[in-house]
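Student: The following file, coords-v4.tsv, comprises TSV, C-alpha atoms and all ligand atoms:
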chain	number	residue	atom	x	y	z
A	1	MET	CA	14.08	15.22	-24.97
A	2	PRO	CA	12.61	16.79	-21.86
A	3	PHE	CA	10.00	14.90	-19.85
A	4	LYS	CA	7.31	15.99	-17.37
A	5	ALA	CA	7.70	15.47	-13.65
A	6	LEU	CA	6.20	16.72	-10.42
A	7	TRP	CA	8.93	18.75	-8.75
A	8	ILE	CA	8.95	19.67	-5.06
A	9	THR	CA	11.18	22.58	-4.09
A	10	GLU	CA	11.99	24.09	-0.70
A	11	THR	CA	11.27	27.80	-0.77
A	12	GLY	CA	12.73	28.66	2.64
A	13	SER	CA	11.51	28.84	6.25
A	14	GLY	CA	10.11	25.31	6.06
A	15	LYS	CA	7.83	26.03	3.08
A	16	PHE	CA	7.58	23.81	0.01
A	17	GLU	CA	6.19	24.39	-3.45
A	18	ARG	CA	5.16	21.81	-6.05
A	19	ASN	CA	5.06	22.31	-9.80
A	20	ILE	CA	5.06	20.24	-12.93
A	21	VAL	CA	8.35	20.93	-14.70
A	22	GLU	CA	10.44	19.65	-17.61
A	23	ARG	CA	13.41	17.49	-16.67
A	24	TYR	CA	16.02	15.44	-18.56
A	25	ILE	CA	17.13	11.83	-18.17
A	26	ASP	CA	20.66	13.09	-17.51
A	27	ASP	CA	19.30	14.82	-14.37
A	28	LEU	CA	18.20	11.48	-12.88
A	29	PRO	CA	20.38	9.55	-10.41
A	30	ALA	CA	22.76	6.89	-11.73
A	31	GLY	CA	21.29	3.42	-12.34
A	32	GLU	CA	21.36	0.52	-14.77
A	33	MET	CA	17.76	0.84	-15.98
A	34	VAL	CA	15.98	3.76	-17.60
A	35	ILE	CA	12.23	3.17	-17.52
A	36	ARG	CA	9.57	5.18	-19.35
A	37	VAL	CA	6.86	5.37	-16.69
A	38	HIS	CA	3.31	4.88	-17.99
A	39	TYR	CA	1.46	4.67	-14.65
A	40	SER	CA	2.19	5.44	-11.02
A	41	SER	CA	-0.07	5.56	-7.98
A	42	LEU	CA	-0.59	7.70	-4.92
A	43	ASN	CA	0.35	6.41	-1.48
A	44	TYR	CA	0.22	8.31	1.81
A	45	LYS	CA	4.02	8.34	1.88
A	46	ASP	CA	4.05	10.18	-1.48
A	47	ALA	CA	1.83	12.90	-0.08
A	48	LEU	CA	4.19	13.31	2.87
A	49	SER	CA	7.17	13.57	0.51
A	50	ALA	CA	5.25	16.00	-1.73
A	51	THR	CA	4.63	18.30	1.23
A	52	GLY	CA	8.24	18.34	2.42
A	53	ASN	CA	8.25	15.67	5.14
A	54	LYS	CA	11.97	15.14	5.83
A	55	GLY	CA	11.30	11.82	7.57
A	56	ILE	CA	10.49	10.52	4.07
A	57	THR	CA	12.66	12.70	1.80
A	58	ARG	CA	15.81	14.24	3.22
A	59	LYS	CA	16.82	16.38	0.25
A	60	PHE	CA	14.79	18.65	-2.03
A	61	PRO	CA	14.19	19.43	-4.89
A	62	HIS	CA	12.66	16.02	-5.49
A	63	THR	CA	10.09	13.99	-7.47
A	64	PRO	CA	7.98	11.68	-5.24
A	65	GLY	CA	6.26	8.45	-6.33
A	66	ILE	CA	7.13	5.17	-4.58
A	67	ASP	CA	5.39	3.16	-7.34
A	68	ALA	CA	6.11	3.08	-11.09
A	69	ALA	CA	5.17	0.81	-13.97
A	70	GLY	CA	6.47	1.23	-17.49
A	71	VAL	CA	8.70	0.07	-20.32
A	72	ILE	CA	12.49	-0.28	-20.28
A	73	GLU	CA	14.23	2.20	-22.60
A	74	ILE	CA	17.83	1.51	-21.55
A	75	SER	CA	19.04	-1.66	-19.85
A	76	ARG	CA	22.55	-2.32	-18.60
A	77	ASN	CA	21.53	-5.65	-17.05
A	78	GLU	CA	21.21	-8.96	-18.85
A	79	ARG	CA	18.00	-9.93	-16.99
A	80	PHE	CA	16.07	-7.17	-18.78
A	81	ALA	CA	15.75	-6.09	-22.42
A	82	VAL	CA	14.68	-2.82	-23.99
A	83	GLY	CA	10.90	-2.94	-24.38
A	84	ASP	CA	10.24	-5.17	-21.32
A	85	GLU	CA	7.23	-4.11	-19.28
A	86	VAL	CA	8.26	-3.79	-15.63
A	87	LEU	CA	7.32	-2.34	-12.28
A	88	VAL	CA	9.16	-0.89	-9.31
A	89	THR	CA	7.65	-0.47	-5.84
A	90	GLY	CA	9.42	0.54	-2.68
A	91	TYR	CA	13.16	0.42	-2.03
A	92	ASP	CA	14.29	4.06	-2.23
A	93	LEU	CA	12.07	4.98	-5.19
A	94	GLY	CA	10.28	8.27	-4.53
A	95	MET	CA	11.98	8.64	-1.16
A	96	ASN	CA	15.46	9.98	-2.01
A	97	THR	CA	15.53	8.63	-5.57
A	98	CYS	CA	13.35	10.57	-8.03
A	99	GLY	CA	10.16	8.55	-8.34
A	100	GLY	CA	7.13	7.61	-10.36
A	101	PHE	CA	5.54	11.08	-10.51
A	102	GLY	CA	7.80	11.73	-13.51
A	103	GLN	CA	7.67	10.22	-17.00
A	104	TYR	CA	11.12	8.61	-16.56
A	105	ILE	CA	12.95	6.93	-13.68
A	106	ARG	CA	16.50	5.58	-13.54
A	107	VAL	CA	17.00	2.80	-10.97
A	108	PRO	CA	19.20	-0.20	-10.11
A	109	ALA	CA	18.20	-3.44	-11.85
A	110	SER	CA	17.86	-5.07	-8.41
A	111	TRP	CA	14.67	-3.00	-7.78
A	112	VAL	CA	12.90	-4.08	-10.96
A	113	VAL	CA	10.19	-6.77	-11.24
A	114	LYS	CA	8.85	-8.07	-14.57
A	115	LYS	CA	5.16	-7.28	-15.07
A	116	PRO	CA	2.98	-10.38	-14.61
A	117	GLU	CA	1.44	-11.31	-17.97
A	118	ASN	CA	-2.17	-11.24	-16.87
A	119	TYR	CA	-2.08	-7.71	-15.47
A	120	SER	CA	-1.67	-4.47	-17.45
A	121	LEU	CA	0.78	-1.76	-16.37
A	122	LYS	CA	-2.23	0.16	-15.03
A	123	ASP	CA	-3.46	-2.90	-13.07
A	124	CYS	CA	-0.03	-3.22	-11.48
A	125	MET	CA	-0.26	0.35	-10.25
A	126	ILE	CA	-3.80	-0.07	-8.92
A	127	ILE	CA	-2.25	-2.82	-6.84
A	128	GLY	CA	1.01	-0.89	-6.27
A	129	THR	CA	2.61	-0.64	-2.84
A	130	ALA	CA	-0.79	-0.81	-1.10
A	131	GLY	CA	-1.77	-4.09	-2.74
A	132	PHE	CA	1.71	-5.51	-2.46
A	133	THR	CA	1.60	-4.73	1.28
A	134	ALA	CA	-1.80	-6.43	1.61
A	135	ALA	CA	-0.45	-9.44	-0.30
A	136	CYS	CA	2.64	-9.58	1.98
A	137	ALA	CA	0.25	-9.66	4.96
A	138	VAL	CA	-1.73	-12.61	3.54
A	139	TYR	CA	1.55	-14.33	2.63
A	140	LYS	CA	2.78	-14.02	6.23
A	141	MET	CA	-0.52	-15.35	7.60
A	142	GLU	CA	-0.20	-18.35	5.32
A	143	LEU	CA	3.40	-18.92	6.44
A	144	MET	CA	1.90	-19.28	9.93
A	145	LYS	CA	-0.50	-21.87	8.46
A	146	LEU	CA	-3.63	-19.82	9.13
A	147	GLN	CA	-6.38	-21.52	7.11
A	148	PRO	CA	-9.70	-20.00	5.93
A	149	GLU	CA	-11.51	-22.59	8.11
A	150	ALA	CA	-10.00	-20.98	11.24
A	151	GLY	CA	-12.57	-18.16	11.15
A	152	PRO	CA	-13.12	-14.63	9.85
A	153	ILE	CA	-10.34	-12.12	9.17
A	154	VAL	CA	-10.84	-8.45	10.06
A	155	VAL	CA	-9.52	-5.74	7.72
A	156	THR	CA	-9.31	-2.24	9.18
A	157	GLY	CA	-9.14	0.97	7.16
A	158	ALA	CA	-11.21	-1.12	4.77
A	159	THR	CA	-11.93	1.53	2.13
A	160	GLY	CA	-8.30	2.72	1.95
A	161	GLY	CA	-5.69	1.38	-0.46
A	162	VAL	CA	-4.23	-1.40	1.71
A	163	GLY	CA	-7.68	-2.25	3.11
A	164	SER	CA	-9.43	-2.50	-0.28
A	165	LEU	CA	-6.73	-4.74	-1.72
A	166	ALA	CA	-6.55	-6.82	1.48
A	167	ILE	CA	-10.30	-7.57	1.25
A	168	SER	CA	-9.94	-8.52	-2.42
A	169	ILE	CA	-6.95	-10.83	-1.89
A	170	LEU	CA	-8.28	-12.50	1.28
A	171	SER	CA	-11.63	-13.16	-0.33
A	172	LYS	CA	-9.96	-14.59	-3.45
A	173	ALA	CA	-7.86	-16.81	-1.16
A	174	GLY	CA	-11.06	-18.18	0.40
A	175	TYR	CA	-11.16	-16.27	3.71
A	176	GLU	CA	-14.32	-14.79	5.23
A	177	VAL	CA	-13.60	-11.07	5.57
A	178	ILE	CA	-15.09	-8.57	8.01
A	179	ALA	CA	-14.45	-5.04	6.76
A	180	VAL	CA	-14.08	-2.33	9.41
A	181	SER	CA	-14.58	1.20	8.14
A	182	GLY	CA	-15.43	4.67	9.38
A	183	LYS	CA	-17.64	5.08	6.29
A	184	SER	CA	-21.12	3.73	7.02
A	185	ASN	CA	-22.04	4.03	3.30
A	186	ALA	CA	-19.26	1.64	2.20
A	187	GLN	CA	-21.41	-1.52	2.41
A	188	ASP	CA	-21.78	-2.01	-1.37
A	189	TYR	CA	-18.11	-1.24	-2.00
A	190	VAL	CA	-16.70	-3.73	0.52
A	191	THR	CA	-19.25	-6.40	-0.42
A	192	HIS	CA	-18.29	-6.06	-4.08
A	193	LEU	CA	-14.63	-6.58	-3.10
A	194	GLY	CA	-15.57	-9.76	-1.24
A	195	ALA	CA	-16.26	-8.86	2.41
A	196	VAL	CA	-19.13	-10.71	4.10
A	197	ARG	CA	-20.05	-7.71	6.22
A	198	LEU	CA	-19.18	-4.15	7.19
A	199	GLU	CA	-18.60	-3.11	10.81
A	200	PRO	CA	-18.01	0.36	12.26
A	201	ARG	CA	-14.65	1.24	13.83
A	202	ASP	CA	-16.18	0.63	17.31
A	203	PHE	CA	-16.17	-3.08	16.49
A	204	VAL	CA	-12.40	-3.05	17.07
A	205	THR	CA	-12.19	-0.32	19.75
A	206	ASP	CA	-11.95	-1.54	23.34
A	207	THR	CA	-11.45	0.88	26.20
A	208	SER	CA	-11.88	-1.64	29.02
A	209	GLN	CA	-8.88	-2.72	31.04
A	210	LYS	CA	-9.52	-6.36	30.12
A	211	ALA	CA	-6.46	-8.27	28.93
A	212	LEU	CA	-8.52	-10.51	26.65
A	213	LEU	CA	-11.94	-10.24	24.98
A	214	LYS	CA	-14.40	-12.84	23.75
A	215	PRO	CA	-12.64	-14.05	20.57
A	216	LYS	CA	-14.43	-12.95	17.39
A	217	TRP	CA	-11.86	-13.25	14.58
A	218	ALA	CA	-9.12	-15.67	13.57
A	219	GLY	CA	-6.88	-12.93	12.23
A	220	ALA	CA	-6.63	-9.34	11.11
A	221	ILE	CA	-4.83	-7.07	8.68
A	222	ASP	CA	-4.53	-3.74	10.46
A	223	THR	CA	-3.70	-0.38	8.92
A	224	VAL	CA	-4.71	1.69	11.94
A	225	GLY	CA	-2.41	0.92	14.91
A	226	GLY	CA	-3.00	2.25	18.46
A	227	ASN	CA	-6.09	1.03	20.33
A	228	THR	CA	-7.36	-0.77	17.21
A	229	LEU	CA	-4.29	-2.98	16.99
A	230	ALA	CA	-4.37	-3.67	20.75
A	231	THR	CA	-8.08	-4.63	20.46
A	232	LEU	CA	-7.40	-6.90	17.49
A	233	LEU	CA	-4.83	-8.78	19.61
A	234	LYS	CA	-7.20	-9.09	22.63
A	235	GLY	CA	-10.13	-10.34	20.57
A	236	CYS	CA	-8.28	-12.80	18.35
A	237	MET	CA	-9.01	-16.54	18.52
A	238	PRO	CA	-6.23	-18.79	19.88
A	239	GLU	CA	-3.33	-19.31	17.45
A	240	GLY	CA	-4.64	-16.48	15.24
A	241	CYS	CA	-2.53	-13.98	13.29
A	242	VAL	CA	-2.71	-10.19	13.47
A	243	VAL	CA	-0.66	-8.33	10.86
A	244	SER	CA	0.37	-4.74	11.54
A	245	THR	CA	0.84	-2.76	8.33
A	246	GLY	CA	0.01	0.84	9.17
A	247	LEU	CA	-0.49	3.63	11.63
A	248	VAL	CA	-3.28	5.86	10.31
A	249	SER	CA	-4.54	6.40	13.84
A	250	SER	CA	-1.40	5.91	15.92
A	251	PRO	CA	2.09	4.40	15.88
A	252	LYS	CA	1.64	3.36	19.55
A	253	LEU	CA	0.77	-0.11	20.78
A	254	ASP	CA	-0.33	-0.41	24.39
A	255	THR	CA	-0.91	-4.09	25.12
A	256	THR	CA	-0.08	-6.86	27.58
A	257	VAL	CA	1.61	-10.16	26.91
A	258	TYR	CA	-1.62	-12.12	27.60
A	259	PRO	CA	-2.77	-12.47	23.96
A	260	PHE	CA	0.64	-13.99	23.22
A	261	ILE	CA	1.22	-16.21	26.26
A	262	LEU	CA	-2.37	-17.38	26.86
A	263	ASN	CA	-3.82	-17.48	23.33
A	264	GLY	CA	-0.66	-17.98	21.25
A	265	ILE	CA	-1.51	-15.01	19.02
A	266	ASN	CA	1.06	-14.22	16.32
A	267	LEU	CA	1.73	-10.52	15.81
A	268	LEU	CA	3.26	-10.18	12.34
A	269	GLY	CA	4.63	-7.15	10.54
A	270	VAL	CA	4.96	-5.99	6.95
A	271	GLY	CA	7.63	-3.57	5.78
A	272	SER	CA	6.93	-3.76	2.07
A	273	ALA	CA	9.63	-1.35	0.85
A	274	GLU	CA	12.51	-3.63	1.80
A	275	THR	CA	10.89	-6.97	0.94
A	276	PRO	CA	13.67	-9.16	-0.52
A	277	MET	CA	13.47	-9.71	-4.29
A	278	ASN	CA	12.85	-13.48	-4.06
A	279	VAL	CA	9.80	-12.87	-1.82
A	280	ARG	CA	8.61	-10.03	-4.11
A	281	VAL	CA	8.68	-12.32	-7.11
A	282	THR	CA	6.79	-15.04	-5.19
A	283	ILE	CA	4.13	-12.55	-4.09
A	284	TRP	CA	3.62	-11.11	-7.60
A	285	GLU	CA	3.34	-14.70	-8.89
A	286	LYS	CA	0.61	-15.36	-6.32
A	287	LEU	CA	-1.17	-12.14	-7.31
A	288	ALA	CA	-1.07	-13.39	-10.89
A	289	SER	CA	-2.42	-16.86	-10.03
A	290	GLN	CA	-4.35	-17.96	-6.93
A	291	TRP	CA	-4.81	-14.36	-5.76
A	292	HIS	CA	-5.71	-12.99	-9.20
A	293	ILE	CA	-7.89	-9.93	-8.51
A	294	LYS	CA	-8.07	-8.19	-11.90
A	295	ASP	CA	-11.88	-8.30	-11.77
A	296	LYS	CA	-11.89	-6.22	-8.55
A	297	LEU	CA	-9.46	-3.53	-9.73
A	298	PRO	CA	-11.82	-1.23	-11.72
A	299	ALA	CA	-13.98	-0.64	-8.62
A	300	ILE	CA	-10.91	0.28	-6.56
A	301	ALA	CA	-9.20	2.70	-8.95
A	302	ARG	CA	-9.64	6.29	-9.98
A	303	GLU	CA	-7.32	7.41	-12.79
A	304	VAL	CA	-5.94	10.96	-12.65
A	305	THR	CA	-3.43	13.07	-14.57
A	306	LEU	CA	-0.23	14.47	-13.08
A	307	ASP	CA	-1.97	17.88	-12.98
A	308	GLU	CA	-4.96	16.51	-11.06
A	309	LEU	CA	-2.63	14.68	-8.71
A	310	ASN	CA	-0.88	17.96	-7.97
A	311	THR	CA	-3.92	20.20	-7.59
A	312	THR	CA	-6.31	17.83	-5.79
A	313	TYR	CA	-5.34	14.32	-4.81
A	314	ILE	CA	-2.18	14.87	-2.80
A	315	ASP	CA	-4.19	17.09	-0.45
A	316	ASN	CA	-7.14	14.66	-0.45
A	317	ILE	CA	-5.09	11.68	0.75
A	318	LEU	CA	-3.59	13.79	3.54
A	319	GLN	CA	-7.13	14.70	4.65
A	320	GLY	CA	-8.19	11.01	4.57
A	321	ASN	CA	-10.68	11.69	1.76
A	322	ILE	CA	-9.66	8.90	-0.60
A	323	MET	CA	-11.55	5.69	-1.22
A	324	GLY	CA	-9.59	2.93	-2.95
A	325	ARG	CA	-6.54	3.82	-5.04
A	326	ILE	CA	-5.51	6.82	-7.13
A	327	VAL	CA	-3.67	5.78	-10.30
A	328	VAL	CA	-1.63	8.40	-12.13
A	329	ASN	CA	-1.55	8.24	-15.94
A	330	LEU	CA	1.79	9.60	-17.20
A	331	ASN	CA	1.23	8.80	-20.89
B	401	LIG	P1	-5.24	5.26	2.72
B	401	LIG	O1	-5.13	6.70	3.03
B	401	LIG	O2	-5.60	4.83	1.35
B	401	LIG	O3	-6.35	4.57	3.69
B	401	LIG	C1	-6.35	4.69	5.06
B	401	LIG	C2	-7.74	4.33	5.59
B	401	LIG	O4	-7.69	4.24	7.00
B	401	LIG	C3	-8.80	5.40	5.31
B	401	LIG	O5	-9.39	5.26	4.05
B	401	LIG	C4	-9.81	5.11	6.41
B	401	LIG	O6	-10.59	4.00	6.01
B	401	LIG	C5	-8.93	4.64	7.57
B	401	LIG	N1	-8.65	5.70	8.55
B	401	LIG	C6	-8.19	6.95	8.31
B	401	LIG	N2	-8.00	7.62	9.46
B	401	LIG	C7	-8.36	6.76	10.46
B	401	LIG	C8	-8.39	6.85	11.88
B	401	LIG	N3	-8.01	7.96	12.52
B	401	LIG	N4	-8.79	5.78	12.58
B	401	LIG	C9	-9.18	4.63	11.96
B	401	LIG	N5	-9.16	4.49	10.61
B	401	LIG	C10	-8.76	5.53	9.89
B	401	LIG	O7	-3.88	4.61	3.19
B	401	LIG	P2	-3.25	3.20	2.77
B	401	LIG	O8	-4.29	2.17	2.81
B	401	LIG	O9	-2.44	3.35	1.54
B	401	LIG	O10	-2.23	2.99	3.96
B	401	LIG	C11	-2.73	2.62	5.24
B	401	LIG	C12	-1.58	2.60	6.24
B	401	LIG	O11	-0.64	1.62	5.85
B	401	LIG	C13	-0.81	3.92	6.34
B	401	LIG	O12	-0.46	4.11	7.70
B	401	LIG	C14	0.42	3.68	5.51
B	401	LIG	O13	1.50	4.46	5.94
B	401	LIG	C15	0.66	2.21	5.80
B	401	LIG	N6	1.39	1.52	4.74
B	401	LIG	C16	2.36	0.66	5.16
B	401	LIG	C17	3.07	-0.06	4.26
B	401	LIG	C18	4.05	-1.04	4.77
B	401	LIG	O14	4.93	-1.48	4.03
B	401	LIG	N7	3.92	-1.46	6.02
B	401	LIG	C19	2.91	0.15	2.81
B	401	LIG	C20	1.79	1.01	2.47
B	401	LIG	C21	1.08	1.70	3.42
B	401	LIG	P3	-12.10	3.81	6.52
B	401	LIG	O15	-12.76	5.13	6.34
B	401	LIG	O16	-12.62	2.74	5.61
B	401	LIG	O17	-12.04	3.40	7.97
Before anything else, please render the file you have as structure tokens.
Ligand code: NDP
Tutor:
Amino acid sequence: MPFKALWITETGSGKFERNIVERYIDDLPAGEMVIRVHYSSLNYKDALSATGNKGITRKFPHTPGIDAAGVIEISRNERFAVGDEVLVTGYDLGMNTCGGFGQYIRVPASWVVKKPENYSLKDCMIIGTAGFTAACAVYKMELMKLQPEAGPIVVTGATGGVGSLAISILSKAGYEVIAVSGKSNAQDYVTHLGAVRLEPRDFVTDTSQKALLKPKWAGAIDTVGGNTLATLLKGCMPEGCVVSTGLVSSPKLDTTVYPFILNGINLLGVGSAETPMNVRVTIWEKLASQWHIKDKLPAIAREVTLDELNTTYIDNILQGNIMGRIVVNLN
């Protein structure tokens, strides 16, 4: 039986075309698990792959989609049975392995996580790579023993995917969250997710030559990079944690060693795609228990079809016009 998939083809002289086509399971790469995908979600990386970015996807034609949640149709691994509800985020899915923007994927069993019982397949994709990344950031802060009593945590890019989920998880974990956003009308949104207040991007932009600023936060989850990340380090309270997850403004970091050697600041990183399976399972267990955020998910998500993804949302995320998460219904 054919299935539907978004299909990116190179048309010559650096141009790429995307269409929804019919494909067959036999066309998919080798793997132990065939999964019928019910939901996927849109991440910035997917939009880059869908527009021919060879830093993400080396070979075209290709189906992007770094996130997928669905039901196992064929299993050649004893850990999983036909009919199990599962999810896959990261590894090579959607990069050089055909991904979640198709109704079927075939992947190694080592990439597959069982769906937590108290989330639906759709919930898992609202969380997806963005929420998993945010959860990895909170997990790393907690490994450094950062406690809610230490002070407020800043979340930058607050209305984006990682930012929205970071606010929700931090607030559920008991932290006071300051949301930093370029959208002055996002007050109600970030407050609903659990932030205590909204600040403009200037709050974390410092153009002075000072090595340190008056400390205002005990930690930060940063999606922005560049001057924002440098400012977060300068303005962090002693022994605080700043987690770098993204680069929406810049991949550069121009800083001094003073935040580290005078204030003992911990600069932590998250590379969610290659998170080892034992840590993945721990983090999904936390998302299903003390960081359970199901009540926040409806406000974060917009559900779209594969057609709408193709015609509208891939372009929107590239233009920075998305608030929250775009979930793709492949049913
Ligand atoms: P989104 O596009 O959903 O959100 C990004 C948000 O950043 C925007 O909504 C906006 O929020 C803010 N923003 C956009 N442009 C700028 C700018 N020039 N300066 C300051 N803020 C800006 O992206 P995601 O949340 O999914 O991803 C965020 C970053 O994290 C990306 O760089 C992505 O590549 C990275 N990422 C990293 C992962 C990892 O494993 N490390 C995994 C997933 C994503 P607002 O208007 O509220 O300020």
Student: Please list as a PDB file with C-alpha atoms, in the frame of the given file every residue within 8 Å of region 159-164 of chain A, counting all atoms listed in the file and excluding residues in the same chain fewer than 4 positions away.
Tutor:
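The resulting selection_23.pdb:
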ATOM      1  CA  ASN A  43       0.350   6.410  -1.480  1.00  0.00           C
ATOM      2  CA  ALA A 130      -0.790  -0.810  -1.100  1.00  0.00           C
ATOM      3  CA  GLY A 131      -1.770  -4.090  -2.740  1.00  0.00           C
ATOM      4  CA  THR A 133       1.600  -4.730   1.280  1.00  0.00           C
ATOM      5  CA  ALA A 134      -1.800  -6.430   1.610  1.00  0.00           C
ATOM      6  CA  VAL A 155      -9.520  -5.740   7.720  1.00  0.00           C
ATOM      7  CA  SER A 168      -9.940  -8.520  -2.420  1.00  0.00           C
ATOM      8  CA  SER A 181     -14.580   1.200   8.140  1.00  0.00           C
ATOM      9  CA  LYS A 183     -17.640   5.080   6.290  1.00  0.00           C
ATOM     10  CA  ALA A 186     -19.260   1.640   2.200  1.00  0.00           C
ATOM     11  CA  TYR A 189     -18.110  -1.240  -2.000  1.00  0.00           C
ATOM     12  CA  VAL A 190     -16.700  -3.730   0.520  1.00  0.00           C
ATOM     13  CA  LEU A 193     -14.630  -6.580  -3.100  1.00  0.00           C
ATOM     14  CA  ILE A 221      -4.830  -7.070   8.680  1.00  0.00           C
ATOM     15  CA  THR A 223      -3.700  -0.380   8.920  1.00  0.00           C
ATOM     16  CA  ILE A 300     -10.910   0.280  -6.560  1.00  0.00           C
ATOM     17  CA  ILE A 322      -9.660   8.900  -0.600  1.00  0.00           C
ATOM     18  CA  MET A 323     -11.550   5.690  -1.220  1.00  0.00           C
ATOM     19  CA  GLY A 324      -9.590   2.930  -2.950  1.00  0.00           C
ATOM     20  CA  ARG A 325      -6.540   3.820  -5.040  1.00  0.00           C
TER      21      ARG A 325
END
Student: Enter the distance from CA of Ile265 (chain A) to CA of Leu233 (chain A), in Å, rounded to one decimal.
Tutor: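 For CA of Ile265 (chain A) relative to CA of Leu233 (chain A), the distance reads 7.1 Å.
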Student: Go through A:Asn266, A:Thr89, A:Leu330, A:Ala273 and flag the residue nearest Leu143 (chain A), using only C-alpha atoms for the distances.
Tutor: A:Asn266
Student: At what distance in Å, to one decimal, does CA of Thr231 (chain A) lie from CA of Ile153 (chain A)?
Tutor: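 CA of Ile153 (chain A) sits 13.7 Å away from CA of Thr231 (chain A).
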Student: List the spatial neighbours of Gly182 (chain A) as a PDB file with C-alpha atoms, keeping the file's coordinate frame - criterion: any atom at most 9 Å away, all atoms listed in the file, same-chain residues fewer than 4 positions off excluded.
Tutor:
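What landed in out_16.pdb:
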ATOM      1  CA  GLY A 157      -9.140   0.970   7.160  1.00  0.00           C
ATOM      2  CA  ALA A 158     -11.210  -1.120   4.770  1.00  0.00           C
ATOM      3  CA  THR A 159     -11.930   1.530   2.130  1.00  0.00           C
ATOM      4  CA  ALA A 186     -19.260   1.640   2.200  1.00  0.00           C
ATOM      5  CA  GLU A 199     -18.600  -3.110  10.810  1.00  0.00           C
ATOM      6  CA  PRO A 200     -18.010   0.360  12.260  1.00  0.00           C
ATOM      7  CA  ARG A 201     -14.650   1.240  13.830  1.00  0.00           C
ATOM      8  CA  ASP A 202     -16.180   0.630  17.310  1.00  0.00           C
TER       9      ASP A 202
END
Student: I want to know what sits within 12 Å of Ala47 (chain A), based on all atoms listed in the file, with residues of the same chain fewer than 5 positions away left out; could you give that as a VMD selection string?
Tutor: chain A and resid 6 8 18 41 to 42 52 to 54 56 to 57 63 to 66 94 to 95 101 309 to 320 326
Student: Since we have the selection now, will you write its residues out, keeping C-alpha atoms, as an mmCIF file, in the coordinates of the input?
Tutor:
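Saved file part_12.cif follows:
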data_model
loop_
_atom_site.group_PDB
_atom_site.id
_atom_site.type_symbol
_atom_site.label_atom_id
_atom_site.label_comp_id
_atom_site.auth_asym_id
_atom_site.auth_seq_id
_atom_site.Cartn_x
_atom_site.Cartn_y
_atom_site.Cartn_z
ATOM 1 C CA LEU A 6 6.200 16.720 -10.420
ATOM 2 C CA ILE A 8 8.950 19.670 -5.060
ATOM 3 C CA ARG A 18 5.160 21.810 -6.050
ATOM 4 C CA SER A 41 -0.070 5.560 -7.980
ATOM 5 C CA LEU A 42 -0.590 7.700 -4.920
ATOM 6 C CA GLY A 52 8.240 18.340 2.420
ATOM 7 C CA ASN A 53 8.250 15.670 5.140
ATOM 8 C CA LYS A 54 11.970 15.140 5.830
ATOM 9 C CA ILE A 56 10.490 10.520 4.070
ATOM 10 C CA THR A 57 12.660 12.700 1.800
ATOM 11 C CA THR A 63 10.090 13.990 -7.470
ATOM 12 C CA PRO A 64 7.980 11.680 -5.240
ATOM 13 C CA GLY A 65 6.260 8.450 -6.330
ATOM 14 C CA ILE A 66 7.130 5.170 -4.580
ATOM 15 C CA GLY A 94 10.280 8.270 -4.530
ATOM 16 C CA MET A 95 11.980 8.640 -1.160
ATOM 17 C CA PHE A 101 5.540 11.080 -10.510
ATOM 18 C CA LEU A 309 -2.630 14.680 -8.710
ATOM 19 C CA ASN A 310 -0.880 17.960 -7.970
ATOM 20 C CA THR A 311 -3.920 20.200 -7.590
ATOM 21 C CA THR A 312 -6.310 17.830 -5.790
ATOM 22 C CA TYR A 313 -5.340 14.320 -4.810
ATOM 23 C CA ILE A 314 -2.180 14.870 -2.800
ATOM 24 C CA ASP A 315 -4.190 17.090 -0.450
ATOM 25 C CA ASN A 316 -7.140 14.660 -0.450
ATOM 26 C CA ILE A 317 -5.090 11.680 0.750
ATOM 27 C CA LEU A 318 -3.590 13.790 3.540
ATOM 28 C CA GLN A 319 -7.130 14.700 4.650
ATOM 29 C CA GLY A 320 -8.190 11.010 4.570
ATOM 30 C CA ILE A 326 -5.510 6.820 -7.130
#
Student: Counting only C-alpha atoms, what is within 9 Å of Phe3 (chain A), bar same-chain residues fewer than 6 positions away, as a list in words?
Tutor: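 That gives Val21, Glu22, Arg23, Tyr24, Ile25, Gly102, Gln103 and Tyr104 of chain A.
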Student: Could you name the residues that touch Leu247 (chain A) at 9 Å or less, counting all atoms listed in the file, but leaving out those on the same chain fewer than 6 positions away, as a tab-separated table (two decimals) with C-alpha atoms, keeping the file's coordinate frame?
Tutor:
chain	number	residue	atom	x	y	z
A	222	ASP	CA	-4.53	-3.74	10.46
A	223	THR	CA	-3.70	-0.38	8.92
A	224	VAL	CA	-4.71	1.69	11.94
A	225	GLY	CA	-2.41	0.92	14.91
A	226	GLY	CA	-3.00	2.25	18.46
Student: Which protein, DNA or RNA residues have an atom at most 7 Å from (1.0, -12.8, -14.3), counting only C-alpha atoms? List them as number ranges by chain.
Tutor: A: 115-119, 285, 288-289
Student: Taking all atoms of ligand LIG 401 (chain B) that appear in the file, build a box with edges along x, y and z, extend it by 6 Å on every side, and state its centre and edge lengths in Å to one decimal, as JSON.
Tutor:
{"center_x": -3.9, "center_y": 3.2, "center_z": 7.0, "size_x": 29.7, "size_y": 21.4, "size_z": 23.2}
Student: When you draw a straight line from CA of Met33 (chain A) to CA of Val107 (chain A), how long is it in Å?
Tutor: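 Separation between CA of Met33 (chain A) and CA of Val107 (chain A): 5.4 Å.
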Student: Which residue, A:Glu85, A:Asp254, A:Glu10, A:Asp26, has the smallest gap to Arg58 (chain A) when you use only C-alpha atoms?
Tutor: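 Smallest separation from Arg58 (chain A) among the options: A:Glu10.
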